[in-house]
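A.B. asks: I'd like to ask you about the structure that follows.
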Amino acid sequence: MLPPPDGALPAAAGIEKLLTACAGARATVERLEPLQHHPWVLRAHLAKTTGLPGTVIVKRVRPEGYGLRSADELARCERAALAFIADDLRLALAPRLHASSPDSRLLVMEDLRPRTELAGQLRRDGLGPALDAELTAFASSMGELAAASAGRAALFDARRTALGTRADRLGDREHAHGGLWRHGLARAAAFGVPLPLAAERDLAAAVAELADPGPFLVLTNGDTESHNFLTGPGYDGRLIDFEGAGFRHALTAATGFVVPGPNWLRVSGPDQVAAFRRALARTVPEAEEDQRFGFGLASASLVWVMARVDRLGTLDARGPGDDSRTQMVALLESGAHTAETCRVLPHLVAWCRSTAALLRRRWPDTDTDPAAVAPYTWRKR
């Protein structure tokens, strides 16, 4: 048995207690199975018990928080989000929450197996028609969640507050990686590629768009990458990992289809962005306005680019052939392409283009044809 998390009940005993109270019948944990790469997540195998499945997923509080949230707040937020999606929005887009401890440090939820992470399938098989369709389903699911949650931030905040979140900690309107663009701005200057004043004004406009989303204020899980979508042949997909959930600009949930996230060297997502947009427009008609939608998408994409620019110095110290350097060039160029397509933020686009060109000269191994890299090529680490 694994040791108890931070002084909580021993894992099996805590799970049994929670599920027994939930099901009204004795629950017995026969075996706990740690999940690879997720040390705070377990699969619990249960003895046959009336009203309970054979397995459940158990998520324990992380030993440390991340971003702006403490470990306890991450757990409380996931509990609030799962209840909000199932009970308030009445959507079957996320795992069902079977039970949770009073302090939210132990969550017992639906086991979505045999679904697996879409990212793992893309890494294993590469992008083909079947997985392209799954990516579109992923985008549609995020758009559906956004559409259903628009205008309901107060209800979600009430759930978080009831679980112990302080009112001054509820704001999530800045990008999911809130504030990191500031580090990128400083790192760019230190690296010798400071933003000209006009590009800084573009960046300020993009940040302002995310901070004041207007009708685009919706729920996202805060990490809308393909490793957080579980799917498989014959199964509808599910969104997972709501520790970072919050109400923020809807288009922050679509950037991963136009600029590469941490796992990829290249993405390809016009069809996925269109699917997200169609779903969102069901309740947010402003999503049908090309200028408004495009400015939101470009703003979210370029703020993400600036957050990742924080790594310039680290990557410069690495040797030739490191995929992370190739990814940085691709990130700058894809962010610029997104804004160019939307015809916005021209000065920030110009900075991205010139910085990418400088990096291609400084890192000659990155000076390759982007089209030669297949979409969803895994970044070696």
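Labeling convention for the structure tokens: chains A, B, ... as they appear, residues from 1 per chain, ligands from 1 in order of appearance.
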Tell me, counting only C-alpha atoms, for each residue of range 126-220 of chain A within 6 Å of range 303-325 of chain A, which pair of atoms is nearest and how far apart they are in Å to one decimal, in rows ordered by chain and increasing number, as a Markdown table.
C.D. replies:
| residue | atom | partner | partner_atom | distance |
| --- | --- | --- | --- | --- |
| A:Leu180 | CA | A:Ala307 | CA | 4.8 |
| A:Trp181 | CA | A:Ala307 | CA | 4.1 |
| A:His183 | CA | A:Asp310 | CA | 5.6 |
| A:Gly184 | CA | A:Asp310 | CA | 4.0 |
| A:Arg187 | CA | A:Asp310 | CA | 5.4 |
A.B. asks: Tell me which of A:Glu30, A:Glu286, A:Glu209, A:Asp125 sits closest to Ala300 in chain A, counting only C-alpha atoms.
C.D. replies: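 When distances to Ala300 in chain A are compared using only C-alpha atoms, the smallest one comes from A:Glu209.
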A.B. asks: Within 10 Å of Val344 in chain A, counting only C-alpha atoms, which residues qualify if same-chain residues fewer than 6 places away don't, as a list in words?
C.D. replies: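 Here the qualifying residues turn out to be Asp202, Ala206, Gln291, Gly294, Phe295, Gly296, Ala298, Ser299, Ala336 and Thr338 of chain A.
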A.B. asks: Please identify the alpha helix (DSSP H) residues within range 33-271 of chain A (assignment by DSSP from backbone atoms) and present them as a PyMOL selection string.
C.D. replies: chain A and resi 71-83+118-125+129-149+153-162+180-191+197-211+270-271
A.B. asks: Would you mind exporting the chosen residues as a PDB file, in the first residue's frame, restricted to C-alpha atoms?
C.D. replies:
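part.pdb written:
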ATOM      1  CA  ALA A  71      -1.972  21.888  -3.626  1.00  0.00           C
ATOM      2  CA  ASP A  72      -5.186  22.113  -1.615  1.00  0.00           C
ATOM      3  CA  GLU A  73      -6.706  24.623  -4.002  1.00  0.00           C
ATOM      4  CA  LEU A  74      -5.913  22.404  -6.995  1.00  0.00           C
ATOM      5  CA  ALA A  75      -7.865  19.564  -5.397  1.00  0.00           C
ATOM      6  CA  ARG A  76     -10.777  21.786  -4.354  1.00  0.00           C
ATOM      7  CA  CYS A  77     -10.971  23.238  -7.845  1.00  0.00           C
ATOM      8  CA  GLU A  78     -11.126  19.828  -9.513  1.00  0.00           C
ATOM      9  CA  ARG A  79     -13.874  18.738  -7.142  1.00  0.00           C
ATOM     10  CA  ALA A  80     -15.863  21.901  -7.863  1.00  0.00           C
ATOM     11  CA  ALA A  81     -15.352  21.597 -11.621  1.00  0.00           C
ATOM     12  CA  LEU A  82     -16.465  17.967 -11.871  1.00  0.00           C
ATOM     13  CA  ALA A  83     -19.597  18.690  -9.848  1.00  0.00           C
ATOM     14  CA  LEU A 118      -5.060  11.156 -27.314  1.00  0.00           C
ATOM     15  CA  ALA A 119      -1.488  12.460 -27.072  1.00  0.00           C
ATOM     16  CA  GLY A 120      -0.188   8.938 -26.551  1.00  0.00           C
ATOM     17  CA  GLN A 121      -2.099   7.694 -29.575  1.00  0.00           C
ATOM     18  CA  LEU A 122      -0.703  10.522 -31.720  1.00  0.00           C
ATOM     19  CA  ARG A 123       2.824   9.808 -30.524  1.00  0.00           C
ATOM     20  CA  ARG A 124       2.453   6.109 -31.263  1.00  0.00           C
ATOM     21  CA  ASP A 125       0.590   6.213 -34.589  1.00  0.00           C
ATOM     22  CA  PRO A 129      -7.637  10.340 -40.636  1.00  0.00           C
ATOM     23  CA  ALA A 130      -8.854   8.486 -37.538  1.00  0.00           C
ATOM     24  CA  LEU A 131      -6.837  10.559 -35.083  1.00  0.00           C
ATOM     25  CA  ASP A 132      -7.594  13.749 -36.983  1.00  0.00           C
ATOM     26  CA  ALA A 133     -11.254  12.951 -36.329  1.00  0.00           C
ATOM     27  CA  GLU A 134     -10.458  12.416 -32.650  1.00  0.00           C
ATOM     28  CA  LEU A 135      -8.722  15.799 -32.522  1.00  0.00           C
ATOM     29  CA  THR A 136     -11.864  17.334 -33.999  1.00  0.00           C
ATOM     30  CA  ALA A 137     -13.965  15.582 -31.357  1.00  0.00           C
ATOM     31  CA  PHE A 138     -11.587  16.968 -28.724  1.00  0.00           C
ATOM     32  CA  ALA A 139     -12.045  20.486 -30.078  1.00  0.00           C
ATOM     33  CA  SER A 140     -15.812  20.063 -30.222  1.00  0.00           C
ATOM     34  CA  SER A 141     -15.867  18.869 -26.610  1.00  0.00           C
ATOM     35  CA  MET A 142     -13.955  21.937 -25.458  1.00  0.00           C
ATOM     36  CA  GLY A 143     -16.261  24.150 -27.474  1.00  0.00           C
ATOM     37  CA  GLU A 144     -19.311  22.434 -26.005  1.00  0.00           C
ATOM     38  CA  LEU A 145     -18.013  22.970 -22.468  1.00  0.00           C
ATOM     39  CA  ALA A 146     -17.307  26.611 -23.261  1.00  0.00           C
ATOM     40  CA  ALA A 147     -20.744  27.161 -24.760  1.00  0.00           C
ATOM     41  CA  ALA A 148     -22.584  25.516 -21.871  1.00  0.00           C
ATOM     42  CA  SER A 149     -20.648  27.441 -19.217  1.00  0.00           C
ATOM     43  CA  ALA A 153     -19.090  31.977 -13.707  1.00  0.00           C
ATOM     44  CA  ALA A 154     -20.861  33.019 -10.513  1.00  0.00           C
ATOM     45  CA  LEU A 155     -22.253  29.521 -10.038  1.00  0.00           C
ATOM     46  CA  PHE A 156     -18.815  27.935 -10.395  1.00  0.00           C
ATOM     47  CA  ASP A 157     -17.287  30.511  -8.060  1.00  0.00           C
ATOM     48  CA  ALA A 158     -19.968  29.696  -5.487  1.00  0.00           C
ATOM     49  CA  ARG A 159     -18.984  26.028  -5.594  1.00  0.00           C
ATOM     50  CA  ARG A 160     -15.321  26.894  -5.063  1.00  0.00           C
ATOM     51  CA  THR A 161     -16.138  29.289  -2.256  1.00  0.00           C
ATOM     52  CA  ALA A 162     -18.262  26.644  -0.523  1.00  0.00           C
ATOM     53  CA  LEU A 180       4.454  34.206 -17.497  1.00  0.00           C
ATOM     54  CA  TRP A 181       4.415  36.485 -20.541  1.00  0.00           C
ATOM     55  CA  ARG A 182       6.106  39.071 -18.303  1.00  0.00           C
ATOM     56  CA  HIS A 183       9.035  36.708 -17.771  1.00  0.00           C
ATOM     57  CA  GLY A 184       9.174  36.163 -21.534  1.00  0.00           C
ATOM     58  CA  LEU A 185       9.313  39.907 -22.122  1.00  0.00           C
ATOM     59  CA  ALA A 186      12.228  40.246 -19.721  1.00  0.00           C
ATOM     60  CA  ARG A 187      13.992  37.178 -21.136  1.00  0.00           C
ATOM     61  CA  ALA A 188      13.697  38.498 -24.689  1.00  0.00           C
ATOM     62  CA  ALA A 189      15.396  41.729 -23.665  1.00  0.00           C
ATOM     63  CA  ALA A 190      18.160  39.839 -21.846  1.00  0.00           C
ATOM     64  CA  PHE A 191      18.650  37.619 -24.895  1.00  0.00           C
ATOM     65  CA  LEU A 197       7.551  49.808 -28.388  1.00  0.00           C
ATOM     66  CA  ALA A 198       4.965  49.091 -31.096  1.00  0.00           C
ATOM     67  CA  ALA A 199       5.251  45.338 -30.466  1.00  0.00           C
ATOM     68  CA  GLU A 200       4.876  45.950 -26.725  1.00  0.00           C
ATOM     69  CA  ARG A 201       1.672  47.852 -27.458  1.00  0.00           C
ATOM     70  CA  ASP A 202       0.395  44.878 -29.477  1.00  0.00           C
ATOM     71  CA  LEU A 203       1.252  42.549 -26.603  1.00  0.00           C
ATOM     72  CA  ALA A 204      -0.553  44.841 -24.148  1.00  0.00           C
ATOM     73  CA  ALA A 205      -3.634  44.734 -26.388  1.00  0.00           C
ATOM     74  CA  ALA A 206      -3.502  40.938 -26.489  1.00  0.00           C
ATOM     75  CA  VAL A 207      -3.157  40.694 -22.712  1.00  0.00           C
ATOM     76  CA  ALA A 208      -6.059  43.140 -22.272  1.00  0.00           C
ATOM     77  CA  GLU A 209      -8.239  40.978 -24.518  1.00  0.00           C
ATOM     78  CA  LEU A 210      -7.606  37.933 -22.335  1.00  0.00           C
ATOM     79  CA  ALA A 211      -8.105  39.878 -19.102  1.00  0.00           C
ATOM     80  CA  PRO A 270      -7.875  24.578 -39.062  1.00  0.00           C
ATOM     81  CA  ASP A 271     -10.568  21.896 -38.912  1.00  0.00           C
TER      82      ASP A 271
END
A.B. asks: With distances taken over only C-alpha atoms, which residue among A:Thr28, A:Pro196, A:Glu110, A:Thr355 lies nearest Gly14 in chain A?
C.D. replies: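 Looking at the shortest contact to Gly14 in chain A, the residue is A:Thr28.
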A.B. asks: When distances are computed from only C-alpha atoms, which of A:Pro375, A:Gly128, A:Pro95, A:Pro53 shows the smallest separation from Phe257 in chain A?
C.D. replies: A:Pro375
A.B. asks: Just how far from CA of Leu265 in chain A is CA of Tyr376 in chain A, in Å to one decimal?
C.D. replies: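 For CA of Tyr376 in chain A relative to CA of Leu265 in chain A, the distance reads 6.7 Å.
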A.B. asks: Residues of range 22-211 of chain A classed as strand (DSSP E) by DSSP on the backbone are to be reported as a PyMOL selection string.
C.D. replies: chain A and resi 29-35+38-46+55-60+97-100+106-110+116-117
A.B. asks: Any idea what the distance is between CA of Asp367 in chain A and CA of Leu345 in chain A?
C.D. replies: 25.2 Å
A.B. asks: So that I can see what lies close to Cys352 in chain A, please list as a list in words the residues with an atom at most 10 Å from it, counting only C-alpha atoms and leaving out residues fewer than 6 positions away in the same chain.
C.D. replies: Val193, Leu195, Ala199, Leu302, Val305, Met306, Val329, Leu331, Leu332, Glu333, Ser334, Gly335, Ala336, His337, Pro346 and Leu358 of chain A
A.B. asks: Which residue, A:Leu97, A:Ala253, A:Cys342, A:Leu170, has the smallest gap to Gly222 in chain A when you use only C-alpha atoms?
C.D. replies: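 Answer, going by the shortest atom-to-atom distance: A:Ala253.
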A.B. asks: Return the single residue from A:Ser301, A:Thr55, A:Ser101, A:Thr283 that is closest to Leu42 in chain A, with distances computed using only C-alpha atoms.
C.D. replies: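 Among the listed residues, the smallest separation from Leu42 in chain A belongs to A:Thr55.
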A.B. asks: Measuring atom to atom with only C-alpha atoms, identify which of A:Pro260, A:Thr341, A:Gln327, A:Ile85 is nearest to Thr220 in chain A.
C.D. replies: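 Result for the nearest residue to Thr220 in chain A: A:Ile85.
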